[in-house]
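Text of the file run09.cif, holding mmCIF, C-alpha atoms:
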data_my_file
#
loop_
_atom_site.label_atom_id
_atom_site.label_comp_id
_atom_site.auth_asym_id
_atom_site.auth_seq_id
_atom_site.Cartn_x
_atom_site.Cartn_y
_atom_site.Cartn_z
CA MET A 644 7.95 -5.58 -27.73
CA ASN A 645 5.25 -5.43 -25.07
CA LEU A 646 3.48 -2.20 -24.15
CA ALA A 647 5.49 -1.73 -20.95
CA ASN A 648 8.81 -1.80 -22.81
CA HIS A 649 7.37 0.43 -25.53
CA ILE A 650 6.53 3.02 -22.86
CA VAL A 651 10.03 2.77 -21.37
CA LYS A 652 11.61 3.20 -24.82
CA HIS A 653 9.46 6.26 -25.49
CA LEU A 654 10.47 7.91 -22.22
CA ASN A 655 14.16 7.10 -22.67
CA ALA A 656 14.20 8.64 -26.15
CA ASN A 657 14.44 12.14 -24.69
CA PRO A 658 15.25 11.91 -20.96
CA GLU A 659 16.79 15.40 -20.78
CA THR A 660 13.31 16.90 -21.20
CA MET A 661 12.22 15.27 -17.96
CA THR A 662 15.47 16.27 -16.26
CA ASP A 663 15.10 19.89 -17.34
CA PHE A 664 11.53 20.06 -16.03
CA LEU A 665 12.55 18.53 -12.71
CA LYS A 666 15.36 21.07 -12.42
CA THR A 667 12.85 23.85 -13.01
CA LEU A 668 10.70 22.58 -10.15
CA VAL A 669 13.66 22.30 -7.78
CA LEU A 670 14.77 25.85 -8.68
CA HIS A 671 11.28 26.98 -7.61
CA GLU A 672 12.05 26.77 -3.90
CA SER A 673 8.83 26.12 -2.01
CA PRO A 674 9.00 25.98 1.79
CA SER A 675 5.77 24.85 3.42
CA LYS A 676 5.23 28.12 5.24
CA ASP A 677 5.99 30.47 2.34
CA GLN A 678 2.65 31.04 0.60
CA GLU A 679 4.04 33.14 -2.24
CA SER A 680 6.49 30.43 -3.31
CA GLN A 681 3.69 27.85 -3.26
CA THR A 682 1.54 29.98 -5.54
CA ARG A 683 4.39 30.16 -8.06
CA ILE A 684 5.15 26.45 -8.23
CA LEU A 685 1.48 25.48 -8.31
CA GLY A 686 1.15 27.92 -11.18
CA VAL A 687 3.85 26.00 -13.06
CA MET A 688 2.04 22.72 -12.47
CA SER A 689 -1.31 24.20 -13.44
CA ALA A 690 0.07 25.51 -16.75
CA GLU A 691 1.51 22.09 -17.63
CA LEU A 692 -1.72 20.31 -16.78
CA ASN A 693 -3.71 22.78 -18.88
CA LYS A 694 -1.48 21.95 -21.86
CA LEU A 695 -2.33 18.29 -21.35
CA GLY A 696 -6.07 18.89 -21.53
CA TYR A 697 -6.83 19.16 -17.83
CA PHE A 698 -9.14 21.55 -16.04
CA THR A 699 -7.35 23.01 -13.03
CA GLN A 700 -8.60 24.84 -9.97
CA TYR A 701 -6.33 26.53 -7.48
CA VAL A 702 -7.75 26.80 -3.96
CA SER A 703 -5.85 29.27 -1.80
CA GLY A 704 -5.16 28.49 1.83
CA LYS A 705 -5.75 30.61 4.90
CA GLU A 706 -2.42 29.76 6.51
CA THR A 707 -0.76 27.76 3.72
CA GLY A 708 -0.25 27.98 -0.03
CA GLY A 709 -3.44 26.00 -0.67
CA TYR A 710 -3.76 23.21 -3.22
CA LEU A 711 -4.29 22.51 -6.91
CA TYR A 712 -7.08 20.24 -8.10
CA ALA A 713 -7.16 18.90 -11.67
CA ARG A 714 -9.28 16.59 -13.81
CA PRO A 715 -9.52 15.89 -17.55
CA LEU A 716 -11.61 18.36 -19.53
CA VAL A 717 -13.15 15.42 -21.36
CA ARG A 718 -14.24 12.37 -19.38
CA GLN A 719 -15.71 9.16 -20.71
CA LYS A 720 -19.14 8.68 -19.16
CA ASN A 721 -19.59 6.29 -16.26
CA THR A 722 -15.86 5.63 -15.79
CA PRO A 723 -14.69 5.31 -12.17
CA PHE A 724 -12.10 7.65 -10.66
CA GLN A 725 -8.52 7.15 -9.55
CA LEU A 726 -6.79 9.67 -7.30
CA VAL A 727 -3.20 10.81 -7.80
CA ILE A 728 -1.67 12.83 -4.96
CA GLY A 729 1.53 14.82 -4.69
CA HIS A 730 2.83 17.76 -2.71
CA CYS A 731 4.93 20.71 -3.81
CA ASP A 732 6.11 21.94 -0.41
CA THR A 733 9.52 21.10 1.01
CA VAL A 734 11.17 21.28 4.42
CA TRP A 735 13.88 23.58 3.05
CA ASP A 736 14.03 27.34 3.71
CA LEU A 737 14.21 29.89 0.92
CA HIS A 738 17.72 30.38 -0.50
CA THR A 739 18.81 26.86 0.44
CA LEU A 740 19.98 26.63 -3.19
CA ARG A 741 22.89 28.91 -2.30
CA LYS A 742 24.44 26.20 -0.16
CA MET A 743 22.73 23.19 -1.75
CA PRO A 744 22.62 23.89 -5.51
CA VAL A 745 21.11 21.64 -8.13
CA THR A 746 23.88 19.36 -9.35
CA MET A 747 24.03 16.42 -11.73
CA LYS A 748 26.94 14.10 -11.15
CA ASP A 749 27.60 10.36 -11.32
CA GLY A 750 24.08 9.63 -12.51
CA THR A 751 22.34 11.54 -9.71
CA MET A 752 20.58 14.88 -9.28
CA THR A 753 20.80 16.67 -5.96
CA GLY A 754 18.91 19.68 -4.69
CA PRO A 755 16.35 20.72 -2.05
CA GLY A 756 13.14 18.78 -2.62
CA VAL A 757 14.37 16.81 -5.63
CA TYR A 758 13.64 13.47 -3.92
CA ASP A 759 10.81 14.56 -1.63
CA MET A 760 9.02 15.06 -3.91
CA LYS A 761 9.51 17.12 -7.01
CA ALA A 762 10.64 14.04 -8.92
CA GLY A 763 7.18 12.60 -8.24
CA LEU A 764 5.54 15.74 -9.66
CA THR A 765 7.73 15.43 -12.75
CA GLN A 766 6.63 11.82 -13.16
CA LEU A 767 3.00 12.91 -13.02
CA ILE A 768 3.37 15.46 -15.83
CA PHE A 769 5.36 13.13 -18.09
CA ALA A 770 3.09 10.17 -17.38
CA LEU A 771 0.07 12.16 -18.55
CA LYS A 772 2.06 13.57 -21.47
CA THR A 773 3.12 10.09 -22.61
CA ILE A 774 -0.43 8.79 -22.30
CA ASN A 775 -1.49 11.54 -24.69
CA GLU A 776 1.40 11.06 -27.11
CA LEU A 777 0.91 7.31 -27.37
CA SER A 778 -2.91 7.58 -27.36
CA LEU A 779 -3.13 5.13 -24.49
CA PRO A 780 -6.65 4.44 -23.20
CA VAL A 781 -7.17 5.15 -19.51
CA ALA A 782 -9.64 2.88 -17.73
CA LEU A 783 -10.18 5.15 -14.72
CA THR A 784 -10.45 8.93 -14.85
CA PRO A 785 -7.53 10.58 -13.01
CA LEU A 786 -8.29 13.12 -10.31
CA ILE A 787 -5.20 15.05 -9.27
CA LEU A 788 -4.51 16.84 -6.01
CA ILE A 789 -1.25 18.69 -5.38
CA ASN A 790 -1.07 20.28 -1.95
CA SER A 791 1.38 22.69 -0.36
CA ASP A 792 1.07 21.68 3.29
CA GLU A 793 1.94 17.96 3.39
CA GLU A 794 5.21 18.49 5.26
CA ILE A 795 3.34 20.32 8.03
CA GLY A 796 0.48 17.84 8.40
CA SER A 797 -1.86 18.70 5.48
CA ARG A 798 -4.08 20.59 7.88
CA GLU A 799 -5.85 22.63 5.21
CA SER A 800 -5.90 20.07 2.39
CA THR A 801 -6.96 16.92 4.27
CA ARG A 802 -10.68 17.60 3.92
CA MET A 803 -10.40 17.74 0.12
CA ILE A 804 -8.21 14.64 0.08
CA GLN A 805 -10.85 12.78 2.06
CA ARG A 806 -13.60 13.88 -0.33
CA LEU A 807 -11.67 12.72 -3.38
CA ALA A 808 -10.59 9.43 -1.80
CA LYS A 809 -14.20 8.58 -0.97
CA ILE A 810 -15.23 8.74 -4.65
CA SER A 811 -12.11 7.05 -6.05
CA ASP A 812 -11.53 3.35 -6.63
CA ARG A 813 -7.83 3.68 -5.83
CA ALA A 814 -5.20 6.23 -4.86
CA PHE A 815 -1.59 6.56 -6.00
CA VAL A 816 0.74 8.66 -3.84
CA LEU A 817 3.86 10.10 -5.49
CA GLU A 818 6.01 10.22 -2.37
CA PRO A 819 9.55 8.85 -2.83
CA PRO A 820 10.04 5.10 -2.42
CA LEU A 821 11.98 3.60 0.47
CA GLY A 822 15.75 3.81 0.16
CA LEU A 823 18.04 2.83 -2.67
CA GLU A 824 16.09 -0.41 -3.12
CA GLY A 825 13.13 1.68 -4.27
CA LYS A 826 10.58 -0.20 -2.18
CA LEU A 827 6.98 0.87 -2.58
CA LYS A 828 5.30 1.94 0.64
CA THR A 829 2.44 -0.37 1.55
CA ALA A 830 2.24 0.64 5.20
CA ARG A 831 2.94 3.77 7.18
CA LYS A 832 2.90 4.48 10.86
CA GLY A 833 0.18 6.68 12.25
CA LEU A 834 1.38 9.93 13.74
CA GLY A 835 0.17 11.68 16.88
CA ARG A 836 1.18 14.82 18.75
CA PHE A 837 0.39 15.38 22.40
CA THR A 838 1.13 18.28 24.74
CA ILE A 839 1.47 17.55 28.44
CA THR A 840 1.35 20.63 30.66
CA ALA A 841 2.02 20.54 34.40
CA ILE A 842 0.67 23.53 36.33
CA GLY A 843 2.06 24.15 39.80
CA LYS A 844 2.62 27.23 41.95
CA ALA A 845 5.38 29.83 41.85
CA ALA A 846 7.39 30.80 44.91
CA HIS A 847 10.77 32.34 45.69
CA ALA A 848 13.34 29.55 45.57
CA GLY A 849 15.35 31.07 48.43
CA LEU A 850 12.84 32.75 50.72
CA ASP A 851 9.69 30.59 50.48
CA PRO A 852 10.46 27.36 48.53
CA GLY A 853 7.97 25.38 50.60
CA LYS A 854 5.11 27.55 49.36
CA GLY A 855 5.75 26.57 45.75
CA VAL A 856 4.82 23.48 43.74
CA ASN A 857 7.44 22.72 41.11
CA ALA A 858 5.89 21.90 37.73
CA ILE A 859 9.25 20.88 36.25
CA VAL A 860 9.67 18.19 38.88
CA GLU A 861 6.15 16.93 38.12
CA LEU A 862 6.89 16.89 34.40
CA SER A 863 10.02 14.82 35.03
CA HIS A 864 7.83 12.10 36.57
CA GLN A 865 5.45 12.25 33.60
CA ILE A 866 8.33 11.94 31.14
CA GLN A 867 9.41 8.68 32.75
CA GLN A 868 5.89 7.30 32.39
CA LEU A 869 5.69 8.42 28.79
CA TYR A 870 9.03 6.82 27.95
CA ALA A 871 7.86 3.55 29.49
CA MET A 872 5.05 3.43 26.90
CA ASN A 873 7.54 2.65 24.12
CA ASP A 874 7.12 -0.81 22.66
CA PHE A 875 9.61 -1.17 19.83
CA GLU A 876 8.58 -4.74 19.02
CA LYS A 877 5.05 -3.53 18.27
CA GLY A 878 6.34 -0.47 16.44
CA ILE A 879 5.05 1.91 19.12
CA THR A 880 7.33 4.89 19.71
CA VAL A 881 6.76 7.69 22.19
CA ASN A 882 9.31 10.46 21.86
CA ILE A 883 9.48 13.43 24.20
CA GLY A 884 10.89 15.81 21.63
CA MET A 885 10.54 19.20 23.33
CA ILE A 886 10.26 20.44 26.89
CA GLN A 887 9.96 23.93 28.30
CA GLY A 888 9.10 25.54 31.59
CA GLY A 889 10.03 27.75 34.46
CA ILE A 890 10.48 31.50 34.82
CA SER A 891 13.88 31.99 36.43
CA PRO A 892 16.47 29.92 38.31
CA ASN A 893 15.39 31.55 41.57
CA VAL A 894 11.67 30.83 41.12
CA VAL A 895 9.90 27.53 41.77
CA ALA A 896 8.57 26.69 38.30
CA PRO A 897 4.80 27.28 38.09
CA GLU A 898 4.41 25.62 34.69
CA SER A 899 6.21 23.11 32.50
CA LYS A 900 5.30 21.57 29.17
CA ALA A 901 6.35 18.59 27.03
CA ILE A 902 5.52 18.00 23.38
CA VAL A 903 5.36 14.32 22.52
CA ASP A 904 5.55 12.54 19.16
CA VAL A 905 3.75 9.17 18.98
CA ARG A 906 3.98 6.61 16.13
CA VAL A 907 1.94 3.43 15.80
CA LEU A 908 1.50 0.74 13.15
CA ASN A 909 -2.22 0.16 13.57
CA GLN A 910 -5.37 1.89 14.74
CA LYS A 911 -5.80 -0.36 17.76
CA ASP A 912 -2.42 0.64 19.19
CA GLY A 913 -3.19 4.29 18.43
CA GLU A 914 -6.37 4.10 20.49
CA SER A 915 -4.56 2.26 23.29
CA ILE A 916 -1.64 4.69 23.57
CA THR A 917 -4.02 7.67 23.42
CA LYS A 918 -5.98 6.23 26.32
CA LYS A 919 -2.78 5.72 28.34
CA ILE A 920 -1.59 9.26 27.76
CA TYR A 921 -4.94 10.77 28.72
CA GLY A 922 -4.92 8.52 31.76
CA LEU A 923 -1.78 10.09 33.23
CA LYS A 924 -2.25 11.37 36.79
CA PRO A 925 -0.21 13.90 38.81
CA SER A 926 2.54 12.45 40.99
CA ILE A 927 2.87 15.50 43.26
CA PRO A 928 0.03 17.00 45.37
CA ASN A 929 -1.49 20.30 44.26
CA ILE A 930 -0.44 19.87 40.63
CA GLU A 931 -2.84 20.23 37.71
CA LEU A 932 -2.09 18.13 34.64
CA LYS A 933 -3.40 19.32 31.28
CA ILE A 934 -3.30 16.91 28.33
CA GLU A 935 -4.05 17.85 24.74
CA GLY A 936 -3.66 16.32 21.28
CA GLY A 937 -4.19 12.95 19.63
CA ILE A 938 -3.44 10.81 16.61
CA GLY A 939 -3.63 13.25 13.71
CA ARG A 940 -2.72 10.91 10.87
CA PRO A 941 -4.11 7.40 11.24
CA PRO A 942 -1.86 4.51 10.23
CA MET A 943 -1.80 3.25 6.67
CA GLU A 944 -2.18 -0.48 7.23
CA ARG A 945 -1.68 -3.46 4.94
CA THR A 946 -5.37 -3.98 4.42
CA PRO A 947 -6.60 -6.57 1.90
CA ARG A 948 -7.50 -3.90 -0.66
CA ASN A 949 -4.12 -2.17 -0.26
CA GLN A 950 -2.32 -5.48 -0.69
CA LYS A 951 -4.33 -6.24 -3.81
CA LEU A 952 -3.22 -2.92 -5.27
CA TRP A 953 0.39 -3.70 -4.31
CA GLN A 954 0.26 -7.09 -6.04
CA PHE A 955 -1.24 -5.36 -9.07
CA ALA A 956 1.70 -2.92 -9.16
CA LYS A 957 4.24 -5.69 -8.66
CA ALA A 958 2.81 -7.56 -11.65
CA LYS A 959 2.94 -4.41 -13.79
CA GLY A 960 6.54 -3.79 -12.74
CA SER A 961 7.57 -7.29 -13.76
CA LEU A 962 6.44 -6.57 -17.33
CA MET A 963 9.30 -4.07 -17.59
CA GLY A 964 11.85 -6.13 -15.65
CA LEU A 965 11.31 -4.54 -12.26
CA ASP A 966 11.43 -6.78 -9.21
CA LEU A 967 9.53 -4.54 -6.84
CA ASP A 968 9.49 -4.96 -3.08
CA GLN A 969 7.32 -3.39 -0.39
CA GLY A 970 8.22 -1.68 2.86
CA ILE A 971 6.90 0.13 5.94
CA ALA A 972 7.58 3.85 6.41
CA GLY A 973 7.95 5.35 9.86
CA GLY A 974 6.64 8.74 8.74
CA GLY A 975 3.17 9.69 7.61
CA SER A 976 1.87 11.03 4.31
CA ASP A 977 -1.44 11.78 2.64
CA GLY A 978 -1.57 8.06 1.91
CA ASN A 979 -2.46 7.60 5.57
CA THR A 980 -5.61 9.58 4.85
CA THR A 981 -6.61 8.01 1.52
CA SER A 982 -6.09 4.50 2.91
CA GLN A 983 -9.02 5.03 5.26
CA PHE A 984 -11.37 5.27 2.27
CA THR A 985 -9.87 3.50 -0.76
CA ALA A 986 -7.11 1.17 -1.93
CA THR A 987 -3.84 3.08 -1.65
CA LEU A 988 -0.30 2.59 -2.91
CA ASP A 989 2.42 4.97 -1.74
CA GLY A 990 6.06 5.56 -2.61
CA LEU A 991 5.60 5.74 -6.39
CA GLY A 992 8.19 8.50 -6.78
CA THR A 993 11.76 8.15 -8.03
CA THR A 994 14.40 6.07 -6.29
CA GLY A 995 17.03 8.04 -4.38
CA ASP A 996 17.90 8.92 -0.81
CA GLY A 997 18.31 11.72 1.70
CA ALA A 998 14.81 13.09 2.25
CA HIS A 999 15.11 16.19 4.48
CA ALA A 1000 18.92 15.81 4.47
CA ALA A 1001 21.74 17.74 2.82
CA TYR A 1002 22.57 14.78 0.56
CA GLU A 1003 19.02 14.56 -0.87
CA HIS A 1004 19.21 13.12 -4.37
CA ILE A 1005 17.58 10.89 -6.98
CA ILE A 1006 19.08 8.36 -9.38
CA LEU A 1007 18.46 9.88 -12.79
CA GLU A 1008 18.02 6.62 -14.72
CA LYS A 1009 15.19 5.71 -12.35
CA LEU A 1010 13.14 8.79 -13.28
CA PRO A 1011 11.85 7.44 -16.64
CA GLU A 1012 11.63 3.93 -15.20
CA ARG A 1013 9.32 4.93 -12.35
CA THR A 1014 7.37 7.17 -14.71
CA ALA A 1015 6.74 4.14 -16.91
CA LEU A 1016 5.49 2.21 -13.89
CA LEU A 1017 3.11 5.04 -13.02
CA ILE A 1018 1.80 5.08 -16.59
CA GLN A 1019 1.05 1.36 -16.47
CA LEU A 1020 -0.88 1.79 -13.25
CA LEU A 1021 -2.86 4.75 -14.56
CA ILE A 1022 -3.92 3.12 -17.83
CA SER A 1023 -4.78 -0.30 -16.41
CA ASP A 1024 -7.97 -1.50 -14.82
CA THR A 1025 -7.59 -3.65 -11.74
CA VAL A 1026 -7.95 -7.41 -11.95
CA ASP A 1027 -11.34 -7.37 -10.28
CA ASN A 1028 -13.73 -5.08 -8.46
CA GLU A 1029 -12.79 -6.18 -4.95
CA LEU A 1030 -10.47 -3.25 -4.30
CA LYS A 1031 -13.27 -0.85 -3.48
CA LYS A 1032 -15.29 -3.45 -1.60
CA GLY A 1033 -12.38 -4.61 0.59
CA LYS A 1034 -11.28 -3.17 3.91
#
Rendering of file as C-alpha cells:
Amino acid sequence: MNLANHIVKHLNANPETMTDFLKTLVLHESPSKDQESQTRILGVMSAELNKLGYFTQYVSGKETGGYLYARPLVRQKNTPFQLVIGHCDTVWDLHTLRKMPVTMKDGTMTGPGVYDMKAGLTQLIFALKTINELSLPVALTPLILINSDEEIGSRESTRMIQRLAKISDRAFVLEPPLGLEGKLKTARKGLGRFTITAIGKAAHAGLDPGKGVNAIVELSHQIQQLYAMNDFEKGITVNIGMIQGGISPNVVAPESKAIVDVRVLNQKDGESITKKIYGLKPSIPNIELKIEGGIGRPPMERTPRNQKLWQFAKAKGSLMGLDLDQGIAGGGSDGNTTSQFTATLDGLGTTGDGAHAAYEHIILEKLPERTALLIQLLISDTVDNELKKGK
C-alpha cells in the first residue's frame, strides 16, 4: 500500500469525527458583517490549532471580525514556507439555520456555509492532525491564515495575505472546487467595481422643465455604452447591477448613479476596460460625470508557476485514484491575491454544490478524500525550484 492510500485508509477509519467537527463549524453561524460571530468561530479554530502544536494570533478587525494567523511552534531551520488560506465568513444571515438546518441525507451534508467553506476548514484541521498522528515529515513549513471578510472582498485581511504570499513558495486555497466534478480552480476572473454618477440640475417637471438637466436620462446613455463593453468571447463581463437617482416624479432628476460589476480573465483586459470606463464622456450638455472605482481583485491567471503546481497536484491525486481536472471560476477569492506573488492552487475544498444557494451541500465521502489530497500536497516538496522563480 502506497503512502497516499495509507492516508486515505487512516482518514476513513473514523469519518464521523470529521463530520461532527464540520457540523460544529456550520452550527457556528458566521455572517461576514457580524463581528461577534466571527470571534467565536475563530476561537474554535484557534483552540484546535493550539492542540496540534501551532502558535496562533488573532488580529481583530476595525469593521470586520479580523483574521487568525497560525504557524508551528517548532520549525525546522531554513525550511521554506507554504501558505494555506481559508475563510470562516459566510453570506448567510444569523438564524439561517432555522430555515436551512444541518441535515445529513443520501450521502450529503447541507447547511449554511458547509460547502463555502467550512468543509475546507475541517480539511485543514484534520490534515494537520493526520500529519501528526502518522508522523509525516513536512518539507515546507505551513503558514495559516483564516480570515473573516473574504465574502466581502477581504478588505482588512488582504495586506496580511500579500505579506505571507511574498515569503511563501506556494499557496493552497481551501475554497470549494468547481461543481460536482470537483475541478480544482487554476484560474479566476478579476473583479472590479465602478460607480458612475451623473450630476445634472433639478427643476420642477411641470413649471420649469427646460431649466433642469436630467441626470437619469444621461445615465441611461452611459448604461448603453457600458453594456456595449461586454465581450463574452474574451470573458469580459460588464454588469450594471444597481441604479438609483431622482428625488420625486415631479422633479427633473439632479443626480443618478449606477454601480457596475466588471469581470476579466487577465490583467491586460482589466487595464483596458478600466481605461474605457474612465474615458466615458457626458452625452447631454451641462452634465457632470463622476467615475470612481477599479479592479479590486486582479485575475488569477494560468501562469507557468501556477500550472506547475496544478500538474503537481494532479500527479498526487493519481496516486490515490483521483483523476483531477482544472477549471476557471467566474468569482474571485484570496487566490487572486496570492497568485500575484507565488504559485497558487485554489479549489482544494470538498466536492459539492450550491455555494450561496439554499441547496448548498457537500458529498460526505469526498471530505476524507480531499483531505487526503491536501495532506499529500502539504507534506511533499515540489519537483523542482522553478515554482518560485516562474511568473
For atom CA of Phe664 of chain A and atom CA of Val816 of chain A, determine how far apart the two atoms are, in Å to one decimal place.
->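 Straight-line distance from atom CA of Phe664 of chain A to atom CA of Val816 of chain A works out to 19.9 Å.
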Return the single residue from A:His864, A:Lys761, A:Arg813, A:Arg802 that is closest to Lys666 of chain A, with distances computed using only C-alpha atoms.
-> A:Lys761
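Interatomic distance, atom CA of Ala845 of chain A to atom CA of Gln865 of chain A: 19.4 Å.
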At a cut-off of 7 Å, using all atoms listed in the file, what residues contact Leu991 of chain A? Leave out same-chain residues fewer than 3 positions from it and give the result as a PDB file with C-alpha atoms, keeping the file's coordinate frame.
ATOM      1  CA  VAL A 816       0.740   8.660  -3.840  1.00  0.00           C
ATOM      2  CA  LEU A 817       3.860  10.100  -5.490  1.00  0.00           C
ATOM      3  CA  GLU A 818       6.010  10.220  -2.370  1.00  0.00           C
ATOM      4  CA  PRO A 819       9.550   8.850  -2.830  1.00  0.00           C
ATOM      5  CA  PRO A 820      10.040   5.100  -2.420  1.00  0.00           C
ATOM      6  CA  LEU A 827       6.980   0.870  -2.580  1.00  0.00           C
TER       7      LEU A 827
END
If you take all atoms listed in the file and a cut-off of 9 Å, which residues of segment 794-865 of chain A touch segment 773-789 of chain A, and what are their nearest atom pairs and distances in Å to one decimal, in chain and number order, as a Markdown table?
| residue | atom | partner | partner_atom | distance |
| --- | --- | --- | --- | --- |
| A:Met803 | CA | A:Leu788 | CA | 8.5 |
| A:Ile804 | CA | A:Leu788 | CA | 7.5 |
| A:Leu807 | CA | A:Leu786 | CA | 7.7 |
| A:Ser811 | CA | A:Leu786 | CA | 8.3 |
| A:Asp812 | CA | A:Leu783 | CA | 8.4 |
In the coordinate frame of the file, compute which residues have an atom within 12 Å of (3.1, -6.2, -9.6) when using only C-alpha atoms, and state them as a PyMOL selection string.
-> chain A and resi 827+950-969+988+1016-1017+1019-1020+1023+1025-1026
Using the chain letters and numbers from the file, which residues does the PyMOL selection byres ((chain A and resi 917) around 9) grab, as a count of residues only?
-> 15
Using only C-alpha atoms: which of A:Gly696, A:Pro941, A:Val860, A:Ile971 has the shortest distance to Pro925 of chain A = A:Val860
Pick from A:Ala770, A:Val687, A:Leu821, A:Val903, whichever lies nearest to Gly974 of chain A using only C-alpha atoms = A:Leu821
Mind telling me what the PyMOL selection byres ((chain A and resi 943) around 8) catches here, as number ranges by chain?
-> A: 829-833, 908-909, 941-942, 944-945, 978-980, 982-983
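Distances from A:Gly756, A:Pro723, A:Gly843, A:Gly849 to Glu1003 of chain A were compared using only C-alpha atoms, and the smallest one belongs to A:Gly756.
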Nearest-residue call for His649 of chain A, choices A:Lys742, A:Ser926, A:Ala1015, A:Thr987, using only C-alpha atoms |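 Among A:Lys742, A:Ser926, A:Ala1015, A:Thr987, it is A:Ala1015 that comes nearest to His649 of chain A.
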Going by the chain IDs and residue numbers used in this file, which residues fall under the PyMOL selection byres ((chain A and resi 694) around 12)? Write them as a PDB file with C-alpha atoms, in the coordinates of the input.
ATOM      1  CA  VAL A 687       3.850  26.000 -13.060  1.00  0.00           C
ATOM      2  CA  MET A 688       2.040  22.720 -12.470  1.00  0.00           C
ATOM      3  CA  SER A 689      -1.310  24.200 -13.440  1.00  0.00           C
ATOM      4  CA  ALA A 690       0.070  25.510 -16.750  1.00  0.00           C
ATOM      5  CA  GLU A 691       1.510  22.090 -17.630  1.00  0.00           C
ATOM      6  CA  LEU A 692      -1.720  20.310 -16.780  1.00  0.00           C
ATOM      7  CA  ASN A 693      -3.710  22.780 -18.880  1.00  0.00           C
ATOM      8  CA  LEU A 695      -2.330  18.290 -21.350  1.00  0.00           C
ATOM      9  CA  GLY A 696      -6.070  18.890 -21.530  1.00  0.00           C
ATOM     10  CA  TYR A 697      -6.830  19.160 -17.830  1.00  0.00           C
ATOM     11  CA  PHE A 698      -9.140  21.550 -16.040  1.00  0.00           C
ATOM     12  CA  THR A 699      -7.350  23.010 -13.030  1.00  0.00           C
ATOM     13  CA  PRO A 715      -9.520  15.890 -17.550  1.00  0.00           C
ATOM     14  CA  LEU A 716     -11.610  18.360 -19.530  1.00  0.00           C
ATOM     15  CA  ILE A 768       3.370  15.460 -15.830  1.00  0.00           C
ATOM     16  CA  PHE A 769       5.360  13.130 -18.090  1.00  0.00           C
ATOM     17  CA  LEU A 771       0.070  12.160 -18.550  1.00  0.00           C
ATOM     18  CA  LYS A 772       2.060  13.570 -21.470  1.00  0.00           C
ATOM     19  CA  ASN A 775      -1.490  11.540 -24.690  1.00  0.00           C
TER      20      ASN A 775
END
Find the distance between atom CA of His1004 of chain A and atom CA of Gly973 of chain A and write it in Å to one decimal.
->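 Value for the atom CA of His1004 of chain A-atom CA of Gly973 of chain A distance: 19.7 Å.
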Could you name the residues that touch Trp735 of chain A at 9 Å or less, counting only C-alpha atoms, but leaving out those on the same chain fewer than 6 positions away, as a count of residues only?
-> 7
Missing atoms in segment 976-989 of chain A should be modelled up to N, CA and C atoms and reported as a short mmCIF file (atom, residue, chain, number, x, y, z; two decimals), keeping the file's coordinate frame.
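Printed below is out_24.cif as written:
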data_model
loop_
_atom_site.label_atom_id
_atom_site.label_comp_id
_atom_site.auth_asym_id
_atom_site.auth_seq_id
_atom_site.Cartn_x
_atom_site.Cartn_y
_atom_site.Cartn_z
N SER A 976 2.09 10.28 5.54
CA SER A 976 1.87 11.03 4.31
C SER A 976 0.37 11.14 4.09
N ASP A 977 -0.02 11.72 2.96
CA ASP A 977 -1.44 11.78 2.64
C ASP A 977 -2.01 10.41 2.30
N GLY A 978 -1.12 9.44 2.08
CA GLY A 978 -1.57 8.06 1.91
C GLY A 978 -2.22 7.51 3.17
N ASN A 979 -1.81 8.01 4.33
CA ASN A 979 -2.46 7.60 5.57
C ASN A 979 -3.94 7.97 5.54
N THR A 980 -4.23 9.12 4.94
CA THR A 980 -5.61 9.58 4.85
C THR A 980 -6.40 8.80 3.80
N THR A 981 -5.87 8.68 2.59
CA THR A 981 -6.61 8.01 1.52
C THR A 981 -6.86 6.55 1.86
N SER A 982 -5.95 5.92 2.58
CA SER A 982 -6.09 4.50 2.91
C SER A 982 -7.31 4.21 3.76
N GLN A 983 -7.82 5.23 4.45
CA GLN A 983 -9.02 5.03 5.26
C GLN A 983 -10.27 4.85 4.40
N PHE A 984 -10.19 5.25 3.12
CA PHE A 984 -11.37 5.27 2.27
C PHE A 984 -11.26 4.47 0.98
N THR A 985 -10.02 4.21 0.51
CA THR A 985 -9.87 3.50 -0.76
C THR A 985 -8.52 2.80 -0.81
N ALA A 986 -8.38 1.87 -1.75
CA ALA A 986 -7.11 1.17 -1.93
C ALA A 986 -6.01 2.18 -2.24
N THR A 987 -4.89 2.08 -1.54
CA THR A 987 -3.84 3.08 -1.65
C THR A 987 -2.48 2.43 -1.82
N LEU A 988 -1.68 3.00 -2.73
CA LEU A 988 -0.30 2.59 -2.91
C LEU A 988 0.56 3.83 -2.85
N ASP A 989 1.58 3.81 -2.01
CA ASP A 989 2.42 4.97 -1.74
C ASP A 989 3.85 4.69 -2.22
#
